[in-house]
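A short write-up of the structure that comes next.
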Amino acid sequence: MQLLYFAWVRERVGTGEETVEPPEAVRTVADLADWLRGRSAGHAEALSDLARLRAAVDQRFVPLDSELGPAKEVAFFPPVTGG
Amino acid sequence: MIRVSVDHAPIDIGTELAGIEETGAGAVASFTGVVRADDGVTAMELEHYPGMTEAVLCDLAEQAMARWGLLSAVIVHRVGPMVPGDRVVLVATAAAHRREALEACAFLIDRLKTDAPFWKRETRDGDARWVAARASDDQAAARWTGPDGSPD
């Protein structure tokens with residue numbers, strides 16, 4: 001599974017992308033964030049407050065309680081601020 | 001005609017609007033967003049989600065084309081480093097009459113603000129900070145959707 005991080009999430013994690021193979025117990029996007037917090041202090045800091053995070057699965061915005069299913073690409077980022 | 005562009009290059013309004021006028025429309029409306037300098041900002045950087053950004057903007061343009069019967073919809077968004085006075089975004093719409101062009105233009109910029117994966121980082125006094133999302137932007141985007149989630 002390809003992971004992408006943007007804005008301050010990217011800065012705190014310390015990379016913009018990485019490839020992971022989460023265990024089967026990781027079923028939702030929120031489960032994935034929980035599991036990723038164990039990878040490094042940066043991940044723990046970036047993904048600690050789910051209320052401040054948004055996510056996309058295969059380039060579509062999804063709620064954090066969404067099932068991952070056969071997701072190939074998951075992105076974590078803050079609420080968007082374009083325009 | 002739909003044109004969507006996400007690029008580091010400065011936005012040339014004249015070229016974009018001349019292009020949309022060639023469609024033979026009676027009405028062309030446009031919105032330009034510019035980097036503000038009035039609150040001490042000396043620089044701004046725009047980050048985006050390559051691929052998803054373009055897909056979201058194309059989808060919004062298609063929705064506007066269908067809902068208002070547009071002849072053209074153009075969304076040009078700049079990314080990367082900018083300074084106050086630089087154009088960040090241009091939205092332009094062409095229709096037979098002004099009401100459709102103006103409403104569709106407002107829809108596109110309101111929804112772009114909440115639906116497209118861009119992130120702004122502003123620098124003041126050498127200190128760069130990510131901009132927080134604003135509730136007023138969510139409210140502006142929500143007015144284009146009925147209570148059941150369908151277009152009003």
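Every chain in the structure tokens has a letter given in the order shown (A, B, ...), and although residue numbers restart at 1 in each chain, ligands are simply numbered from 1 in the order shown.
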Quick check: residues of chain A within 6 Å of chain B, only C-alpha atoms, returned as a list of chain:residue names.
A:Gln59, A:Pro79, A:Val80, A:Thr81, A:Gly82, A:Gly83
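With CA of Ala55 in chain A on one side and CA of Ile2 in chain B on the other, the separation reads 27.3 Å.
Computed from the coordinates, the CA of Arg39 in chain A to CA of Glu67 in chain A distance equals 21.2 Å.
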Could you pull out the strand (DSSP E) residues of chain A from DSSP and send them as a ChimeraX atom specification? /A:2-5,17-19,54-57,60-62,73-77
Expected file contents, prior selection, C-alpha atoms, as an mmCIF file, in the first residue's frame:
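Everything below was put into result-v2.cif:
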data_model
loop_
_atom_site.group_PDB
_atom_site.id
_atom_site.type_symbol
_atom_site.label_atom_id
_atom_site.label_comp_id
_atom_site.auth_asym_id
_atom_site.auth_seq_id
_atom_site.Cartn_x
_atom_site.Cartn_y
_atom_site.Cartn_z
ATOM 1 C CA GLN A 2 1.333 3.403 -1.026
ATOM 2 C CA LEU A 3 0.984 6.176 1.557
ATOM 3 C CA LEU A 4 1.140 9.900 0.805
ATOM 4 C CA TYR A 5 1.391 12.779 3.271
ATOM 5 C CA GLU A 17 5.489 8.994 0.669
ATOM 6 C CA GLU A 18 6.238 5.469 1.810
ATOM 7 C CA THR A 19 5.113 1.930 1.103
ATOM 8 C CA ARG A 54 -8.457 14.296 6.511
ATOM 9 C CA ALA A 55 -7.842 11.338 4.224
ATOM 10 C CA ALA A 56 -8.228 10.113 0.675
ATOM 11 C CA VAL A 57 -8.315 6.513 -0.522
ATOM 12 C CA ARG A 60 -11.100 10.169 -3.250
ATOM 13 C CA PHE A 61 -11.877 11.950 0.032
ATOM 14 C CA VAL A 62 -13.230 9.510 2.626
ATOM 15 C CA GLU A 73 -3.046 4.553 -2.252
ATOM 16 C CA VAL A 74 -3.979 6.268 1.010
ATOM 17 C CA ALA A 75 -3.215 9.918 1.745
ATOM 18 C CA PHE A 76 -3.305 11.801 5.056
ATOM 19 C CA PHE A 77 -3.410 15.608 5.192
#
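Candidate residues B:Met82, B:Ala92, B:Ile20, B:Glu122 were compared for distance to Ala61 in chain B, and the nearest is B:Ala92, using only C-alpha atoms.
Note that the spacing between CA of Thr145 in chain B and CA of Trp68 in chain B amounts to 14.3 Å.
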- Looking only at helix (DSSP H, G or I) from DSSP on the backbone, list the matching residues of chain B as a PyMOL selection string. chain B and resi 13-21+52-68+98-115+135-142
Need the shell around Ala46 in chain A: protein/DNA/RNA residues with any atom at most 7 Å away, counting only C-alpha atoms. Skip same-chain ones fewer than 3 positions apart. Format as a VMD selection string?
chain A and resid 9 12 to 13 42 to 43
Please write the residues from the selection above to a file, keeping N, CA and C atoms, as an mmCIF file, in the first residue's frame.
data_model
loop_
_atom_site.group_PDB
_atom_site.id
_atom_site.type_symbol
_atom_site.label_atom_id
_atom_site.label_comp_id
_atom_site.auth_asym_id
_atom_site.auth_seq_id
_atom_site.Cartn_x
_atom_site.Cartn_y
_atom_site.Cartn_z
ATOM 1 N N VAL A 9 1.381 17.394 7.866
ATOM 2 C CA VAL A 9 1.461 15.949 8.128
ATOM 3 C C VAL A 9 2.756 15.407 7.507
ATOM 4 N N ARG A 12 5.812 16.557 9.586
ATOM 5 C CA ARG A 12 5.994 15.871 10.879
ATOM 6 C C ARG A 12 6.389 14.408 10.690
ATOM 7 N N VAL A 13 5.808 13.738 9.696
ATOM 8 C CA VAL A 13 6.193 12.348 9.426
ATOM 9 C C VAL A 13 7.651 12.300 8.964
ATOM 10 N N GLY A 42 7.824 10.835 14.656
ATOM 11 C CA GLY A 42 7.217 11.771 13.709
ATOM 12 C C GLY A 42 5.818 11.325 13.301
ATOM 13 N N HIS A 43 5.670 10.020 12.998
ATOM 14 C CA HIS A 43 4.336 9.499 12.677
ATOM 15 C C HIS A 43 3.390 9.718 13.857
#
